[in-house]
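Notes to accompany the following structure.
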Amino acid sequence: DGGITQSPKYLFRKEGQNVTLSCEQNLNHDAMYWYRQDPGQGLRLIYYSQIVNDFQKGDIAEGYSVSREKKESFPLTVTSAQKNPTAFYLCASSMARAGNQPQHFGDGTRLSIL
Amino acid sequence: GNSVTQMEGPVTLSEEAFLTINCTYTATGYPSLFWYVQYPGEGLQLLLKATKADDKGSNKGFEATYRKETTSFHLEKGSVQVSDSAVYFCALSTYNDMRFGAGTRLTVKP
(Lines give C-alpha, C1' and ligand atoms only; values in the text may rest on other atoms or scores of the structure.)
Protein backbone atom coordinates (compact mmCIF):
# COMPACT_ATOMS: atom_id res chain seq x y z
CA ASP A 1 0.00 0.00 0.00
CA GLY A 2 1.27 3.48 -0.86
CA GLY A 3 1.42 6.02 1.87
CA ILE A 4 3.40 8.13 4.28
CA THR A 5 5.18 6.66 7.27
CA GLN A 6 6.16 8.79 10.23
CA SER A 7 8.32 7.54 13.07
CA PRO A 8 8.45 7.36 15.95
CA LYS A 9 4.84 7.75 17.03
CA TYR A 10 5.92 9.21 20.39
CA LEU A 11 9.18 11.05 21.12
CA PHE A 12 10.59 12.65 24.22
CA ARG A 13 13.19 15.39 24.23
CA LYS A 14 15.49 16.46 27.02
CA GLU A 15 16.46 20.07 27.53
CA GLY A 16 19.19 21.16 25.11
CA GLN A 17 18.78 18.12 22.91
CA ASN A 18 18.12 17.96 19.18
CA VAL A 19 15.70 15.29 17.97
CA THR A 20 14.88 14.12 14.46
CA LEU A 21 11.47 13.03 13.21
CA SER A 22 11.36 10.68 10.26
CA CYS A 23 9.02 10.94 7.26
CA GLU A 24 9.08 8.53 4.33
CA GLN A 25 6.66 8.34 1.38
CA ASN A 26 6.28 5.79 -1.41
CA LEU A 27 3.71 7.74 -3.40
CA ASN A 28 6.31 9.16 -5.82
CA HIS A 29 5.22 12.66 -4.81
CA ASP A 30 7.45 15.63 -5.56
CA ALA A 31 6.28 17.92 -2.77
CA MET A 32 6.58 17.23 0.96
CA TYR A 33 5.58 19.28 4.01
CA TRP A 34 5.95 19.48 7.77
CA TYR A 35 3.17 20.90 9.94
CA ARG A 36 2.86 21.55 13.64
CA GLN A 37 -0.51 21.03 15.35
CA ASP A 38 -1.20 22.36 18.84
CA PRO A 39 -4.31 21.41 20.85
CA GLY A 40 -7.43 23.09 19.51
CA GLN A 41 -5.51 24.78 16.72
CA GLY A 42 -5.16 24.26 13.01
CA LEU A 43 -2.05 23.24 11.13
CA ARG A 44 0.90 25.59 10.87
CA LEU A 45 3.47 25.06 8.11
CA ILE A 46 7.07 24.61 9.28
CA TYR A 47 8.92 23.74 6.05
CA TYR A 48 8.11 22.45 2.61
CA SER A 49 10.08 20.99 -0.29
CA GLN A 50 9.07 20.88 -3.93
CA ILE A 51 12.07 18.96 -5.21
CA VAL A 52 15.11 17.04 -3.98
CA ASN A 53 17.84 19.21 -2.46
CA ASP A 54 15.54 22.21 -2.20
CA PHE A 55 13.27 23.35 0.64
CA GLN A 56 11.60 26.54 1.81
CA LYS A 57 10.65 27.97 5.19
CA GLY A 58 7.02 28.03 6.15
CA ASP A 59 5.30 30.24 8.70
CA ILE A 60 7.06 28.93 11.83
CA ALA A 61 10.51 27.64 10.74
CA GLU A 62 12.52 29.08 13.64
CA GLY A 63 14.08 26.32 15.77
CA TYR A 64 13.58 23.64 13.09
CA SER A 65 15.69 22.29 10.24
CA VAL A 66 15.05 19.85 7.37
CA SER A 67 16.84 18.07 4.55
CA ARG A 68 15.66 16.51 1.28
CA GLU A 69 18.43 14.27 0.00
CA LYS A 70 16.04 11.70 -1.47
CA LYS A 71 12.62 12.10 -3.06
CA GLU A 72 11.11 9.66 -0.58
CA SER A 73 12.45 11.18 2.61
CA PHE A 74 11.99 14.52 4.40
CA PRO A 75 13.28 14.37 8.01
CA LEU A 76 12.60 17.20 10.46
CA THR A 77 15.04 18.13 13.23
CA VAL A 78 13.69 19.97 16.25
CA THR A 79 16.67 21.85 17.62
CA SER A 80 17.36 23.09 21.13
CA ALA A 81 16.57 26.58 19.83
CA GLN A 82 12.88 25.61 19.66
CA LYS A 83 11.80 26.56 23.18
CA ASN A 84 8.29 25.18 23.04
CA PRO A 85 8.52 21.97 21.01
CA THR A 86 5.69 20.04 22.64
CA ALA A 87 3.17 19.42 19.83
CA PHE A 88 1.83 16.93 17.32
CA TYR A 89 3.91 16.95 14.11
CA LEU A 90 2.42 15.95 10.79
CA CYS A 91 4.22 15.18 7.57
CA ALA A 92 2.39 15.38 4.24
CA SER A 93 3.09 15.00 0.54
CA SER A 94 1.42 15.91 -2.73
CA MET A 95 2.07 15.43 -6.42
CA ALA A 96 2.90 19.11 -6.73
CA ARG A 97 3.01 22.14 -4.49
CA ALA A 98 -0.52 23.50 -4.04
CA GLY A 99 -2.88 23.84 -6.97
CA ASN A 100 -5.70 21.30 -7.08
CA GLN A 101 -3.63 18.46 -5.66
CA PRO A 102 -4.71 17.25 -2.21
CA GLN A 103 -2.13 16.48 0.44
CA HIS A 104 -1.67 13.00 1.89
CA PHE A 105 -0.77 12.85 5.58
CA GLY A 106 1.13 10.50 7.84
CA ASP A 107 -0.21 9.51 11.27
CA GLY A 108 1.97 12.01 13.09
CA THR A 109 4.61 12.11 15.81
CA ARG A 110 3.78 13.41 19.26
CA LEU A 111 6.77 15.20 20.80
CA SER A 112 6.97 15.93 24.50
CA ILE A 113 9.57 17.46 26.82
CA LEU A 114 11.06 15.34 29.60
CA GLY B 1 -3.19 36.88 2.24
CA ASN B 2 -5.10 33.65 1.89
CA SER B 3 -7.09 32.39 4.86
CA VAL B 4 -9.84 29.99 5.93
CA THR B 5 -12.38 30.57 8.69
CA GLN B 6 -14.39 27.71 10.16
CA MET B 7 -17.21 27.77 12.66
CA GLU B 8 -15.91 27.22 16.15
CA GLY B 9 -16.65 23.98 17.90
CA PRO B 10 -17.14 21.77 19.54
CA VAL B 11 -20.31 20.61 17.84
CA THR B 12 -22.35 17.92 19.60
CA LEU B 13 -25.18 16.14 17.79
CA SER B 14 -27.38 13.13 18.32
CA GLU B 15 -27.15 10.22 15.90
CA GLU B 16 -29.16 10.78 12.69
CA ALA B 17 -29.14 14.58 13.11
CA PHE B 18 -28.32 16.94 10.23
CA LEU B 19 -24.81 18.38 10.19
CA THR B 20 -23.56 21.70 8.86
CA ILE B 21 -20.05 23.01 9.46
CA ASN B 22 -19.53 26.46 8.01
CA CYS B 23 -16.38 27.42 6.13
CA THR B 24 -15.55 30.69 4.41
CA TYR B 25 -12.35 31.68 2.68
CA THR B 26 -10.32 34.63 1.47
CA ALA B 27 -8.03 34.06 -1.48
CA THR B 28 -6.45 35.71 -4.47
CA GLY B 29 -7.27 33.98 -7.71
CA TYR B 30 -9.35 30.83 -7.90
CA PRO B 31 -8.48 28.36 -5.17
CA SER B 32 -9.30 24.68 -4.93
CA LEU B 33 -11.22 23.83 -1.75
CA PHE B 34 -10.96 20.74 0.46
CA TRP B 35 -12.43 19.14 3.56
CA TYR B 36 -10.19 16.86 5.60
CA VAL B 37 -11.11 14.69 8.60
CA GLN B 38 -8.85 13.77 11.52
CA TYR B 39 -9.64 10.87 13.86
CA PRO B 40 -7.99 10.77 17.32
CA GLY B 41 -4.25 10.16 17.20
CA GLU B 42 -4.13 10.10 13.41
CA GLY B 43 -3.20 12.35 10.52
CA LEU B 44 -5.66 14.12 8.23
CA GLN B 45 -7.55 12.25 5.53
CA LEU B 46 -9.03 13.89 2.46
CA LEU B 47 -12.82 13.79 2.72
CA LEU B 48 -13.83 15.70 -0.42
CA LYS B 49 -12.72 18.47 -2.74
CA ALA B 50 -13.97 20.97 -5.34
CA THR B 51 -11.78 22.74 -7.84
CA LYS B 52 -14.03 25.37 -9.40
CA ALA B 53 -17.11 27.46 -8.68
CA ASP B 54 -20.40 25.54 -8.34
CA ASP B 55 -18.61 22.19 -8.12
CA LYS B 56 -20.03 19.85 -5.49
CA GLY B 57 -17.66 17.50 -3.71
CA SER B 58 -19.15 14.43 -2.06
CA ASN B 59 -17.96 11.35 -0.19
CA LYS B 60 -19.38 8.98 2.47
CA GLY B 61 -22.63 10.96 2.64
CA PHE B 62 -20.83 14.30 3.15
CA GLU B 63 -21.28 17.11 0.62
CA ALA B 64 -19.92 20.62 0.09
CA THR B 65 -20.57 23.09 -2.72
CA TYR B 66 -18.01 25.67 -3.90
CA ARG B 67 -19.84 29.01 -3.71
CA LYS B 68 -17.75 31.77 -5.26
CA GLU B 69 -20.33 34.51 -4.68
CA THR B 70 -20.32 33.91 -0.92
CA THR B 71 -16.71 32.56 -0.74
CA SER B 72 -17.99 29.55 1.16
CA PHE B 73 -17.60 25.77 1.21
CA HIS B 74 -19.92 24.52 3.96
CA LEU B 75 -19.82 20.82 4.87
CA GLU B 76 -23.15 19.00 5.22
CA LYS B 77 -24.39 15.51 6.03
CA GLY B 78 -28.00 14.50 6.24
CA SER B 79 -27.72 11.90 9.00
CA VAL B 80 -24.61 11.64 11.17
CA GLN B 81 -23.37 8.48 12.86
CA VAL B 82 -21.32 7.97 16.01
CA SER B 83 -18.42 6.96 13.74
CA ASP B 84 -18.41 10.49 12.23
CA SER B 85 -17.03 11.87 15.50
CA ALA B 86 -13.75 13.55 14.54
CA VAL B 87 -12.17 16.93 13.82
CA TYR B 88 -12.98 18.43 10.42
CA PHE B 89 -10.68 20.87 8.61
CA CYS B 90 -11.54 23.12 5.72
CA ALA B 91 -8.62 24.06 3.45
CA LEU B 92 -7.86 26.04 0.34
CA SER B 93 -5.08 25.69 -2.19
CA THR B 94 -3.82 28.16 -4.77
CA TYR B 95 -0.94 27.82 -7.19
CA ASN B 96 1.63 28.52 -4.47
CA ASP B 97 -0.10 28.28 -1.10
CA MET B 98 -2.25 25.98 1.03
CA ARG B 99 -4.13 27.13 4.12
CA PHE B 100 -6.10 25.18 6.72
CA GLY B 101 -8.87 26.32 9.01
CA ALA B 102 -8.56 25.82 12.77
CA GLY B 103 -10.70 22.68 12.69
CA THR B 104 -14.14 21.89 14.12
CA ARG B 105 -14.55 19.02 16.57
CA LEU B 106 -17.72 16.98 16.06
CA THR B 107 -19.07 14.60 18.67
CA VAL B 108 -22.03 12.40 17.78
CA LYS B 109 -23.90 10.77 20.67
CA PRO B 110 -25.95 7.58 20.36
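Every chain in the C-alpha coordinates takes a letter, A first, then B, and so on in the order presented; its residues are numbered from 1, and the ligands are numbered from 1 following the presented order.
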- Task: From segment 15-94 of chain B, collect each residue whose DSSP state is strand (DSSP E) and return the set as a count of residues only.
- Result: 40
Sorted per-residue table, chain B near chain A, closest atoms and distance, 12 Å, only C-alpha atoms, as CSV:
```
residue,atom,partner,partner_atom,distance
B:Ser3,CA,A:Gly42,CA,11.7
B:Val4,CA,A:Gly42,CA,10.2
B:Thr5,CA,A:Gly42,CA,10.5
B:Gln6,CA,A:Gly42,CA,10.3
B:Glu8,CA,A:Gly40,CA,10.0
B:Gly9,CA,A:Gly40,CA,9.4
B:Pro10,CA,A:Gly40,CA,9.8
B:Gly29,CA,A:Gly99,CA,11.1
B:Tyr30,CA,A:Gly99,CA,9.6
B:Pro31,CA,A:Gly99,CA,7.4
B:Ser32,CA,A:Asn100,CA,5.4
B:Leu33,CA,A:Asn100,CA,8.1
B:Phe34,CA,A:Pro102,CA,7.6
B:Trp35,CA,A:Pro102,CA,9.8
B:Tyr36,CA,A:Pro102,CA,9.6
B:Val37,CA,A:Phe105,CA,10.9
B:Gln38,CA,A:Asp107,CA,9.6
B:Tyr39,CA,A:Asp107,CA,9.9
B:Pro40,CA,A:Asp107,CA,9.9
B:Gly41,CA,A:Asp107,CA,7.2
B:Glu42,CA,A:Asp107,CA,4.5
B:Gly43,CA,A:Asp107,CA,4.2
B:Leu44,CA,A:Phe105,CA,5.7
B:Gln45,CA,A:Phe105,CA,6.8
B:Leu46,CA,A:Pro102,CA,7.2
B:Leu47,CA,A:Pro102,CA,10.1
B:Leu48,CA,A:Pro102,CA,9.4
B:Lys49,CA,A:Pro102,CA,8.1
B:Ala50,CA,A:Asn100,CA,8.5
B:Thr51,CA,A:Asn100,CA,6.3
B:Lys52,CA,A:Asn100,CA,9.6
B:Val87,CA,A:Gly40,CA,9.6
B:Tyr88,CA,A:Gly42,CA,10.1
B:Phe89,CA,A:Gly42,CA,7.8
B:Cys90,CA,A:Gly42,CA,9.8
B:Ala91,CA,A:Pro102,CA,9.7
B:Leu92,CA,A:Ala98,CA,8.9
B:Ser93,CA,A:Ala98,CA,5.4
B:Thr94,CA,A:Gly99,CA,4.9
B:Tyr95,CA,A:Gly99,CA,4.4
B:Asn96,CA,A:Ala98,CA,5.5
B:Asp97,CA,A:Ala98,CA,5.6
B:Met98,CA,A:Ala98,CA,5.9
B:Arg99,CA,A:Leu43,CA,8.3
B:Phe100,CA,A:Leu43,CA,6.3
B:Gly101,CA,A:Gly42,CA,5.8
B:Ala102,CA,A:Gly42,CA,3.8
B:Gly103,CA,A:Gly42,CA,5.8
B:Thr104,CA,A:Gly40,CA,8.7
B:Arg105,CA,A:Gly40,CA,8.7
```
- Task: Enter the distance from atom CA of Arg67 of chain B to atom CA of Thr107 of chain B, in Å, rounded to one decimal.
- Result: 26.6 Å
- Please provide as an MDAnalysis selection string all residues within 7 Å of Ser7 of chain A, with the sequence filter that same-chain residues fewer than 4 positions apart are discarded (counting only C-alpha atoms). chainID A and resid 21:23 109
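Interatomic distance, atom CA of Tyr33 of chain A to atom CA of Tyr47 of chain A: 5.9 Å.
Nearest residue to Cys23 of chain B, choosing from B:Leu106, B:Asn2, B:His74, B:Lys68 and counting only C-alpha atoms: B:His74.
Rounded to one decimal, atom CA of Phe62 of chain B and atom CA of Gly78 of chain B lie 7.8 Å from each other.
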- Nearby residues (only C-alpha atoms) at most 8 Å from His29 of chain A, same-chain spacing under 2 positions excluded, as a PyMOL selection string: chain A and resi 25-27+31-32+71-72+93-96
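By chain and then residue number, the residues within 12 Å of Ser112 of chain A are Lys9, Tyr10, Leu11, Phe12, Arg13, Lys14, Glu15, Val19, Asp38, Val78, Lys83, Asn84, Pro85, Thr86, Ala87, Phe88 and Tyr89 of chain A, counting only C-alpha atoms and disregarding those fewer than 4 positions away in sequence.
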- Min atom-atom distance to Arg36 of chain A from the set A:Ile51, A:Leu76, A:Ile4, A:Leu114, counting only C-alpha atoms, belongs to A:Leu76
- Task: Extract, using only C-alpha atoms, all DNA, RNA and protein residues at most 7 Å from Lys56 of chain B, discarding same-chain residues fewer than 5 positions from it, and format them as a PyMOL selection string.
- Result: chain B and resi 50+63-66
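Shortest separation to Lys77 of chain B among B:Gly61, B:Val108, B:Thr12, B:Asp54 occurs at residue B:Gly61, atoms counted being only C-alpha atoms.
Minimum atom-to-atom distance to Glu62 of chain A, evaluated using only C-alpha atoms, belongs to A:Gln82 out of A:Gln50, A:Gln82, A:Thr5, A:Asn28.
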